[in-house]
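Listing of data-v1.tsv, TSV, C-alpha atoms
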```tsv
chain	number	residue	atom	x	y	z
A	164	MET	CA	-0.07	83.71	-20.17
A	165	SER	CA	-2.89	84.68	-22.49
A	166	LEU	CA	-5.44	87.43	-22.02
A	167	HIS	CA	-8.91	87.17	-23.39
A	168	PHE	CA	-10.99	90.30	-23.63
A	169	ASP	CA	-14.34	90.48	-25.24
A	170	LEU	CA	-14.63	94.20	-25.74
A	171	GLY	CA	-16.33	94.19	-29.09
A	172	ASP	CA	-15.18	97.08	-31.22
A	173	VAL	CA	-11.43	97.69	-30.94
A	174	GLY	CA	-10.64	99.61	-34.13
A	175	ARG	CA	-11.18	103.16	-35.23
A	176	PHE	CA	-13.19	102.01	-38.16
A	177	GLY	CA	-14.46	98.95	-36.41
A	178	SER	CA	-18.12	99.84	-36.43
A	179	ARG	CA	-18.11	101.03	-40.02
A	180	ASP	CA	-15.44	99.06	-41.82
A	181	MET	CA	-16.72	95.58	-41.49
A	182	ASP	CA	-14.08	94.19	-43.81
A	183	HIS	CA	-11.33	95.55	-41.59
A	184	ARG	CA	-12.98	94.08	-38.55
A	185	GLU	CA	-13.09	90.70	-40.13
A	186	ARG	CA	-9.42	90.90	-41.00
A	187	THR	CA	-8.37	91.79	-37.48
A	188	THR	CA	-6.73	88.90	-35.77
A	189	GLY	CA	-7.44	87.83	-32.23
A	190	ARG	CA	-3.93	88.72	-31.11
A	191	HIS	CA	-4.33	92.27	-32.40
A	192	ARG	CA	-7.63	92.64	-30.60
A	193	GLN	CA	-6.09	91.50	-27.36
A	194	ARG	CA	-3.22	93.95	-27.70
A	195	ARG	CA	-5.48	96.93	-28.36
A	196	ALA	CA	-7.70	96.03	-25.44
A	197	PHE	CA	-4.71	95.70	-23.17
A	198	GLU	CA	-3.40	99.14	-24.25
A	199	ARG	CA	-6.77	100.69	-23.66
A	200	LEU	CA	-6.91	99.23	-20.19
A	201	TRP	CA	-3.49	100.65	-19.35
A	202	CYS	CA	-4.46	104.09	-20.68
A	203	ALA	CA	-7.52	104.08	-18.51
A	204	ARG	CA	-5.51	103.15	-15.44
A	205	LEU	CA	-2.94	105.87	-16.16
A	206	LEU	CA	-5.62	108.49	-16.52
A	207	GLU	CA	-7.11	107.47	-13.21
A	208	GLU	CA	-3.69	108.22	-11.55
A	209	ARG	CA	-4.48	105.90	-8.72
A	210	GLY	CA	-1.45	105.72	-6.35
A	211	ALA	CA	0.16	108.90	-7.69
A	212	THR	CA	-0.09	110.80	-4.43
A	213	PRO	CA	1.64	108.17	-2.27
A	214	VAL	CA	4.49	107.92	-4.78
A	215	GLU	CA	4.93	111.68	-4.85
A	216	SER	CA	4.74	111.79	-1.08
A	217	VAL	CA	7.51	109.22	-0.84
A	218	PHE	CA	9.69	111.31	-3.16
A	219	GLY	CA	8.99	114.40	-1.08
A	220	LEU	CA	9.74	112.53	2.13
A	221	VAL	CA	13.05	111.25	0.78
A	222	LEU	CA	13.98	114.79	-0.21
A	223	LEU	CA	13.01	116.12	3.22
A	224	VAL	CA	15.04	113.47	5.04
A	225	THR	CA	18.03	114.15	2.79
A	226	ILE	CA	17.85	117.86	3.55
A	227	ALA	CA	17.48	117.18	7.28
A	228	VAL	CA	20.54	114.91	7.28
A	229	ALA	CA	22.47	117.55	5.32
A	230	ILE	CA	21.57	120.19	7.90
A	231	VAL	CA	22.74	117.96	10.74
A	232	GLN	CA	25.94	117.21	8.83
A	233	VAL	CA	26.69	120.89	8.23
A	234	SER	CA	25.98	121.64	11.90
A	235	LEU	CA	28.44	118.97	13.03
A	236	VAL	CA	31.14	120.23	10.67
A	237	VAL	CA	30.61	123.83	11.77
A	238	TYR	CA	30.77	122.82	15.42
A	239	ALA	CA	33.92	120.77	14.86
A	240	ARG	CA	35.52	123.60	12.93
A	241	ASN	CA	34.82	126.09	15.73
A	242	VAL	CA	36.16	123.75	18.39
A	243	VAL	CA	39.30	123.02	16.37
A	244	ALA	CA	39.89	126.76	15.93
A	245	ALA	CA	39.45	127.30	19.67
A	246	ALA	CA	41.81	124.41	20.39
A	247	ALA	CA	44.47	125.91	18.14
A	248	HIS	CA	44.15	129.23	19.91
A	249	GLU	CA	44.25	127.63	23.35
A	250	GLY	CA	47.28	125.59	22.40
A	251	ALA	CA	49.11	128.65	21.18
A	252	ARG	CA	48.26	130.57	24.32
A	253	VAL	CA	49.35	127.78	26.63
A	254	ALA	CA	52.59	127.39	24.72
A	255	VAL	CA	53.25	131.07	25.17
A	256	GLU	CA	52.35	131.04	28.84
A	257	ARG	CA	54.42	127.94	29.51
A	258	GLY	CA	57.52	129.27	27.82
A	259	GLY	CA	56.97	127.89	24.34
A	260	ASP	CA	56.73	124.19	25.17
A	261	PRO	CA	55.30	122.58	22.01
A	262	ARG	CA	54.41	119.27	23.68
A	263	THR	CA	52.22	121.01	26.22
A	264	ALA	CA	50.52	122.97	23.47
A	265	ALA	CA	49.87	119.88	21.38
A	266	ARG	CA	48.53	117.94	24.35
A	267	LEU	CA	46.22	120.75	25.37
A	268	ALA	CA	44.91	121.25	21.83
A	269	GLU	CA	44.14	117.55	21.59
A	270	ASP	CA	42.47	117.58	25.00
A	271	VAL	CA	40.30	120.52	24.02
A	272	VAL	CA	39.14	118.85	20.80
A	273	ARG	CA	38.58	115.45	22.41
A	274	GLY	CA	36.80	116.95	25.38
A	275	ALA	CA	34.45	119.05	23.28
A	276	THR	CA	33.78	116.74	20.36
A	277	GLY	CA	34.38	113.23	21.62
A	278	ARG	CA	34.91	111.02	18.59
A	279	LEU	CA	33.40	113.47	16.15
A	280	VAL	CA	36.82	114.55	14.89
A	281	ASP	CA	39.07	111.73	13.65
A	282	ASP	CA	42.67	111.75	12.45
A	283	LEU	CA	43.51	114.62	14.74
A	284	GLU	CA	46.92	116.11	14.08
A	285	VAL	CA	48.63	119.01	15.79
A	286	ALA	CA	51.64	120.64	14.17
A	287	ILE	CA	53.65	123.31	15.92
A	288	ALA	CA	56.34	125.53	14.46
A	289	THR	CA	58.27	128.36	16.01
A	290	VAL	CA	59.34	131.13	13.66
A	291	GLY	CA	61.40	133.75	15.40
A	292	ARG	CA	59.42	134.85	18.42
A	293	SER	CA	56.10	133.61	17.03
A	294	LEU	CA	54.62	130.21	17.67
A	295	HIS	CA	52.32	128.76	15.01
A	296	ILE	CA	50.03	125.87	15.72
A	297	ARG	CA	47.95	124.01	13.17
A	298	VAL	CA	45.21	121.58	14.15
A	299	THR	CA	43.69	119.33	11.49
A	300	GLY	CA	41.13	116.58	11.66
A	301	SER	CA	38.33	114.99	9.72
A	302	VAL	CA	34.65	114.75	10.45
A	303	GLY	CA	32.91	111.58	9.34
A	304	THR	CA	29.83	111.94	7.20
A	305	LEU	CA	26.40	110.69	8.07
A	306	GLY	CA	24.84	108.07	5.88
A	307	PRO	CA	26.52	106.16	3.07
A	308	LEU	CA	28.82	108.93	1.83
A	309	PRO	CA	32.29	107.46	1.43
A	310	PHE	CA	34.37	110.51	2.37
A	311	ALA	CA	35.20	112.60	5.42
A	312	ILE	CA	35.22	116.38	5.66
A	313	ARG	CA	38.53	117.97	6.66
A	314	VAL	CA	38.70	120.71	9.24
A	315	ASP	CA	41.90	122.70	9.34
A	316	GLU	CA	42.56	125.67	11.59
A	317	ASP	CA	45.67	127.47	12.71
A	318	ALA	CA	46.59	130.07	15.27
A	319	SER	CA	49.67	131.93	16.31
A	320	ALA	CA	50.91	133.75	19.35
A	321	ARG	CA	53.91	135.84	20.16
A	322	LEU	CA	56.37	134.35	22.60
A	323	PHE	CA	57.66	136.51	25.36
A	324	ASP	CA	60.72	136.18	27.50
A	325	ALA	CA	60.28	134.93	31.02
A	326	PRO	CA	61.23	137.57	33.53
B	288	MET	CA	-7.22	113.82	-9.39
B	289	SER	CA	-7.28	115.52	-12.75
B	290	GLY	CA	-4.59	115.11	-15.36
B	291	ASP	CA	-3.35	118.69	-14.90
B	292	SER	CA	-2.38	118.10	-11.27
B	293	ARG	CA	-0.06	115.23	-12.12
B	294	GLY	CA	3.20	115.64	-10.13
B	295	ALA	CA	1.86	118.64	-8.23
B	296	ALA	CA	2.63	117.15	-4.82
B	297	LEU	CA	6.24	116.52	-5.79
B	298	VAL	CA	6.71	120.04	-7.14
B	299	GLU	CA	5.10	121.52	-4.04
B	300	ALA	CA	7.33	119.44	-1.79
B	301	VAL	CA	10.46	120.58	-3.63
B	302	LEU	CA	9.41	124.22	-3.49
B	303	LEU	CA	8.51	123.94	0.16
B	304	CYS	CA	11.86	122.35	0.99
B	305	VAL	CA	13.77	125.04	-0.89
B	306	ILE	CA	11.78	127.84	0.71
B	307	LEU	CA	12.21	126.31	4.16
B	308	LEU	CA	15.89	125.73	3.50
B	309	ILE	CA	16.68	129.45	3.25
B	310	PRO	CA	15.73	130.37	6.84
B	311	VAL	CA	17.26	127.14	8.11
B	312	ALA	CA	20.57	127.94	6.41
B	313	TRP	CA	20.40	131.49	7.71
B	314	GLY	CA	19.69	130.23	11.24
B	315	LEU	CA	22.58	127.81	10.98
B	316	ALA	CA	24.94	130.59	9.94
B	317	THR	CA	23.76	132.76	12.82
B	318	LEU	CA	24.23	129.93	15.32
B	319	ASP	CA	27.70	129.40	13.91
B	320	GLN	CA	28.51	133.06	14.50
B	321	ILE	CA	27.11	132.93	18.05
B	322	HIS	CA	29.11	129.81	18.85
B	323	ARG	CA	32.28	131.35	17.51
B	324	ALA	CA	31.61	134.58	19.40
B	325	ALA	CA	31.08	132.66	22.64
B	326	LEU	CA	34.30	130.67	22.21
B	327	ALA	CA	36.28	133.76	21.22
B	328	SER	CA	34.86	135.94	24.00
B	329	THR	CA	35.71	133.49	26.76
B	330	ALA	CA	39.20	133.01	25.35
B	331	ALA	CA	39.58	136.77	24.94
B	332	VAL	CA	38.80	137.66	28.56
B	333	ARG	CA	41.05	134.88	29.84
B	334	ASP	CA	43.97	135.91	27.64
B	335	ALA	CA	43.39	139.58	28.34
B	336	GLY	CA	43.41	138.90	32.07
B	337	PHE	CA	46.70	137.08	31.79
B	338	GLU	CA	48.21	139.89	29.74
B	339	ALA	CA	46.91	142.55	32.12
B	340	ALA	CA	48.26	140.71	35.13
B	341	ARG	CA	51.76	140.67	33.70
B	342	SER	CA	51.71	144.31	32.63
B	343	PRO	CA	53.77	146.78	34.66
B	344	ASP	CA	51.29	149.65	34.52
B	345	LEU	CA	47.78	150.53	33.45
B	346	SER	CA	48.62	151.96	30.03
B	347	THR	CA	50.62	148.87	29.10
B	348	ALA	CA	47.78	146.73	30.43
B	349	GLU	CA	45.32	148.58	28.22
B	350	GLU	CA	47.36	147.87	25.11
B	351	ALA	CA	47.91	144.27	26.12
B	352	ILE	CA	44.21	143.72	26.76
B	353	GLN	CA	43.20	145.17	23.41
B	354	GLY	CA	45.81	143.07	21.64
B	355	ALA	CA	44.78	139.88	23.39
B	356	VAL	CA	41.11	140.43	22.66
B	357	ALA	CA	41.80	141.15	19.00
B	358	ALA	CA	43.96	138.03	18.69
B	359	ALA	CA	41.31	135.83	20.28
B	360	LEU	CA	38.58	137.20	18.03
B	361	HIS	CA	40.73	136.87	14.92
B	362	SER	CA	41.41	133.24	15.76
B	363	GLN	CA	37.71	132.63	15.16
B	364	ASP	CA	37.63	134.89	12.08
B	365	LEU	CA	35.61	137.51	13.92
B	366	ASP	CA	35.88	141.24	13.44
B	367	ASP	CA	37.09	143.01	16.58
B	368	GLU	CA	35.21	146.16	15.58
B	369	ASN	CA	32.02	144.55	16.86
B	370	ALA	CA	33.59	143.92	20.24
B	371	GLU	CA	33.42	146.21	23.22
B	372	VAL	CA	36.04	145.72	25.92
B	373	THR	CA	35.64	147.12	29.41
B	374	TRP	CA	38.02	146.44	32.21
B	375	SER	CA	38.69	147.74	35.66
B	376	ALA	CA	41.60	147.54	38.06
B	377	PRO	CA	40.69	149.73	41.04
B	378	ASP	CA	44.00	149.08	42.76
B	379	GLY	CA	46.09	149.20	39.62
B	380	VAL	CA	47.99	146.17	38.45
B	381	ALA	CA	50.10	145.80	41.54
B	382	ARG	CA	50.53	142.35	43.05
B	383	GLY	CA	47.41	141.14	44.81
B	384	SER	CA	45.11	143.61	43.04
B	385	ARG	CA	41.92	142.57	41.34
B	386	ILE	CA	41.38	142.93	37.62
B	387	GLU	CA	38.03	142.45	35.98
B	388	ILE	CA	37.55	142.28	32.23
B	389	GLU	CA	34.40	142.03	30.19
B	390	VAL	CA	34.06	141.51	26.44
B	391	ARG	CA	30.78	142.11	24.66
B	392	TYR	CA	30.40	141.05	21.09
B	393	ARG	CA	27.49	141.86	18.80
B	394	VAL	CA	26.62	139.07	16.39
B	395	GLU	CA	24.94	140.56	13.35
B	396	VAL	CA	21.89	138.46	12.68
B	397	LEU	CA	21.17	139.31	9.05
B	398	GLY	CA	24.73	139.82	7.93
B	399	GLY	CA	24.62	143.49	8.87
B	400	TRP	CA	21.60	144.31	6.68
B	401	LEU	CA	19.63	145.39	9.72
B	402	PRO	CA	21.99	147.38	11.94
B	403	PHE	CA	19.79	147.23	15.05
B	404	VAL	CA	19.22	143.48	14.99
B	405	SER	CA	22.05	141.67	16.70
B	406	VAL	CA	22.64	139.03	19.34
B	407	PRO	CA	24.86	140.16	22.23
B	408	VAL	CA	27.44	137.69	23.48
B	409	SER	CA	29.45	138.60	26.53
B	410	ALA	CA	32.07	137.05	28.76
B	411	ARG	CA	33.52	138.28	32.02
B	412	HIS	CA	36.67	137.28	33.81
B	413	ALA	CA	38.02	138.39	37.16
B	414	LEU	CA	41.45	137.57	38.50
B	415	TYR	CA	43.91	138.61	41.13
B	416	VAL	CA	47.46	139.40	40.23
B	417	GLN	CA	49.59	136.83	41.97
B	418	PRO	CA	51.03	138.37	45.09
B	419	PHE	CA	54.28	136.44	44.80
B	420	GLY	CA	54.39	135.58	41.12
B	421	SER	CA	57.11	136.77	38.80
B	422	ARG	CA	56.47	139.42	36.19
B	423	ASP	CA	58.36	141.55	33.73
B	424	ALA	CA	58.65	144.56	35.97
```
Go ahead and render the structure in this file as structure tokens.
Amino acid sequence: MSLHFDLGDVGRFGSRDMDHRERTTGRHRQRRAFERLWCARLLEERGATPVESVFGLVLLVTIAVAIVQVSLVVYARNVVAAAAHEGARVAVERGGDPRTAARLAEDVVRGATGRLVDDLEVAIATVGRSLHIRVTGSVGTLGPLPFAIRVDEDASARLFDAP
Amino acid sequence: MSGDSRGAALVEAVLLCVILLIPVAWGLATLDQIHRAALASTAAVRDAGFEAARSPDLSTAEEAIQGAVAAALHSQDLDDENAEVTWSAPDGVARGSRIEIEVRYRVEVLGGWLPFVSVPVSARHALYVQPFGSRDA
């Protein structure tokens, strides 16, 4: 593709240094004219505002998604903590049955979060007269992020002897 | 648009997002505290009611209630100093009597910077001691 511009003077000394003008090749003239055209277009800054707006919009959407993500993780964390506490309490009230505690903790998390928390695990240990329950899970991330956020909460309760 | 204002919209957008992000993050933290307080308060009154119902007398019930409330609040990483526990058992803790427990928790909105700005969260639980249920004493 060839560009042909007839812009007359293209050199700094063009109007005064006639010898230089005569020596200037056509290709050089075309190049200088092309550069001048680009400089003019850049100075006009046409289209700058839409581009900047797009950048701002992308940033805003990213922040909004991050806020939603943090909210989901916080909610899941609170529910998992409540489930651990409920499990520990039920185990205590039902005479230290770990299966009941695990089932109730899972039910609490599933009932309150649906499928928000994946890989749910409930671990129960009895140390002396204390029952410790640990509930872990992972919250999937929104968007293309390739990792999940772990939530890990534990609770304990003191076992008492049935009368 | 003049040459000096090149990129101004982008800079303004970034600044605006950052400035807006601070109150949003603060609001999120406050909502987190309120949610935790609500979960802990409801668990606290339920556990405290159970503990009171199995207590042999009022003084033991008082200790058991305070302990249950503290445990429930600690399970959500909340400070039990912000909690106020009131309970009543007009007929004592004998079988068939009614026990009512209320927990009020003050969520500090600005992280305790303003002592008079807080969100109250409360939960109430009423139960009857089982007339024929077993208990320690």
- Query: Counting only C-alpha atoms, which residues from chain A have an atom at most 10 Å from any atom of chain B, and could you show them as an MDAnalysis selection string?
  - Reply: chainID A and resid 205:209 211:220 222:223 226:227 230:231 233:234 237:238 240:249 252:253 256 316:320 323:326
Selection from above, C-alpha atoms, as a PDB file, keeping the file's coordinate frame, can you write it?
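result.pdb, written as the output of this step:
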```pdb
ATOM      1  CA  LEU A 205      -2.940 105.870 -16.160  1.00  0.00           C
ATOM      2  CA  LEU A 206      -5.620 108.490 -16.520  1.00  0.00           C
ATOM      3  CA  GLU A 207      -7.110 107.470 -13.210  1.00  0.00           C
ATOM      4  CA  GLU A 208      -3.690 108.220 -11.550  1.00  0.00           C
ATOM      5  CA  ARG A 209      -4.480 105.900  -8.720  1.00  0.00           C
ATOM      6  CA  ALA A 211       0.160 108.900  -7.690  1.00  0.00           C
ATOM      7  CA  THR A 212      -0.090 110.800  -4.430  1.00  0.00           C
ATOM      8  CA  PRO A 213       1.640 108.170  -2.270  1.00  0.00           C
ATOM      9  CA  VAL A 214       4.490 107.920  -4.780  1.00  0.00           C
ATOM     10  CA  GLU A 215       4.930 111.680  -4.850  1.00  0.00           C
ATOM     11  CA  SER A 216       4.740 111.790  -1.080  1.00  0.00           C
ATOM     12  CA  VAL A 217       7.510 109.220  -0.840  1.00  0.00           C
ATOM     13  CA  PHE A 218       9.690 111.310  -3.160  1.00  0.00           C
ATOM     14  CA  GLY A 219       8.990 114.400  -1.080  1.00  0.00           C
ATOM     15  CA  LEU A 220       9.740 112.530   2.130  1.00  0.00           C
ATOM     16  CA  LEU A 222      13.980 114.790  -0.210  1.00  0.00           C
ATOM     17  CA  LEU A 223      13.010 116.120   3.220  1.00  0.00           C
ATOM     18  CA  ILE A 226      17.850 117.860   3.550  1.00  0.00           C
ATOM     19  CA  ALA A 227      17.480 117.180   7.280  1.00  0.00           C
ATOM     20  CA  ILE A 230      21.570 120.190   7.900  1.00  0.00           C
ATOM     21  CA  VAL A 231      22.740 117.960  10.740  1.00  0.00           C
ATOM     22  CA  VAL A 233      26.690 120.890   8.230  1.00  0.00           C
ATOM     23  CA  SER A 234      25.980 121.640  11.900  1.00  0.00           C
ATOM     24  CA  VAL A 237      30.610 123.830  11.770  1.00  0.00           C
ATOM     25  CA  TYR A 238      30.770 122.820  15.420  1.00  0.00           C
ATOM     26  CA  ARG A 240      35.520 123.600  12.930  1.00  0.00           C
ATOM     27  CA  ASN A 241      34.820 126.090  15.730  1.00  0.00           C
ATOM     28  CA  VAL A 242      36.160 123.750  18.390  1.00  0.00           C
ATOM     29  CA  VAL A 243      39.300 123.020  16.370  1.00  0.00           C
ATOM     30  CA  ALA A 244      39.890 126.760  15.930  1.00  0.00           C
ATOM     31  CA  ALA A 245      39.450 127.300  19.670  1.00  0.00           C
ATOM     32  CA  ALA A 246      41.810 124.410  20.390  1.00  0.00           C
ATOM     33  CA  ALA A 247      44.470 125.910  18.140  1.00  0.00           C
ATOM     34  CA  HIS A 248      44.150 129.230  19.910  1.00  0.00           C
ATOM     35  CA  GLU A 249      44.250 127.630  23.350  1.00  0.00           C
ATOM     36  CA  ARG A 252      48.260 130.570  24.320  1.00  0.00           C
ATOM     37  CA  VAL A 253      49.350 127.780  26.630  1.00  0.00           C
ATOM     38  CA  GLU A 256      52.350 131.040  28.840  1.00  0.00           C
ATOM     39  CA  GLU A 316      42.560 125.670  11.590  1.00  0.00           C
ATOM     40  CA  ASP A 317      45.670 127.470  12.710  1.00  0.00           C
ATOM     41  CA  ALA A 318      46.590 130.070  15.270  1.00  0.00           C
ATOM     42  CA  SER A 319      49.670 131.930  16.310  1.00  0.00           C
ATOM     43  CA  ALA A 320      50.910 133.750  19.350  1.00  0.00           C
ATOM     44  CA  PHE A 323      57.660 136.510  25.360  1.00  0.00           C
ATOM     45  CA  ASP A 324      60.720 136.180  27.500  1.00  0.00           C
ATOM     46  CA  ALA A 325      60.280 134.930  31.020  1.00  0.00           C
ATOM     47  CA  PRO A 326      61.230 137.570  33.530  1.00  0.00           C
TER      48      PRO A 326
END
```
- Looking at all atoms listed in the file, which of A:Arg266, A:Val314, A:Leu308, A:Cys202 is the one that sits closest to A:Asp282?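 With all atoms listed in the file as the atom set, the closest residue is A:Val314.
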- Message: Given only C-alpha atoms as the basis, pick out the residue of A:Pro261, A:Ile296, A:Thr188, A:Val236 nearest to A:Val280.
- Response: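 Nearest candidate to A:Val280 out of A:Pro261, A:Ile296, A:Thr188, A:Val236: A:Val236.
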- Between atom CA of B:Ala340 and atom CA of B:Arg391 - distance in Å to one decimal: 20.4 Å
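Pairwise distance (atom CA of B:Ser384, atom CA of B:Ile352) equals 16.3 Å.
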- Task: Mind checking which residues fall within 7 Å of A:Arg313, counting only C-alpha atoms, ignoring those fewer than 6 positions away in the same chain, and posting them as a PyMOL selection string?
- Result: chain A and resi 300-302
- Query: Smallest atom-to-atom distance to B:Arg385: which of B:Ile321, B:Leu345, B:Ala331, B:Ala413, using only C-alpha atoms?
  - Reply: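 So, comparing all the options, the nearest one is B:Ala413.
The shortest atom-to-atom distance to B:Glu368, with only C-alpha atoms taken into account, belongs to B:Gln353 out of B:Gln353, B:Ile306, B:Gly398, B:Ile388.
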- Query: Which of these, A:Ala239, A:Leu305, A:Arg199, A:Asp260, has the shortest distance to A:Thr276 once you count all atoms listed in the file?
  - Reply: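 Ranked by minimum distance to A:Thr276, first place goes to A:Ala239.
Here atom CA of A:Ala254 and atom CA of A:Thr289 stand 10.4 Å from one another.
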- Return the single residue from B:Pro343, B:Asp367, B:Val404, B:Gly379 that is closest to B:Tyr392, with distances computed using all atoms listed in the file.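 Result for the nearest residue to B:Tyr392: B:Asp367.
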- Message: Can you tell me which residues surround A:Leu322 at a distance of at most 9 Å, considering all atoms listed in the file, apart from same-chain residues fewer than 5 positions away, and format the answer as a ChimeraX atom specification?
- Response: /A:254-256,258-259,291-294
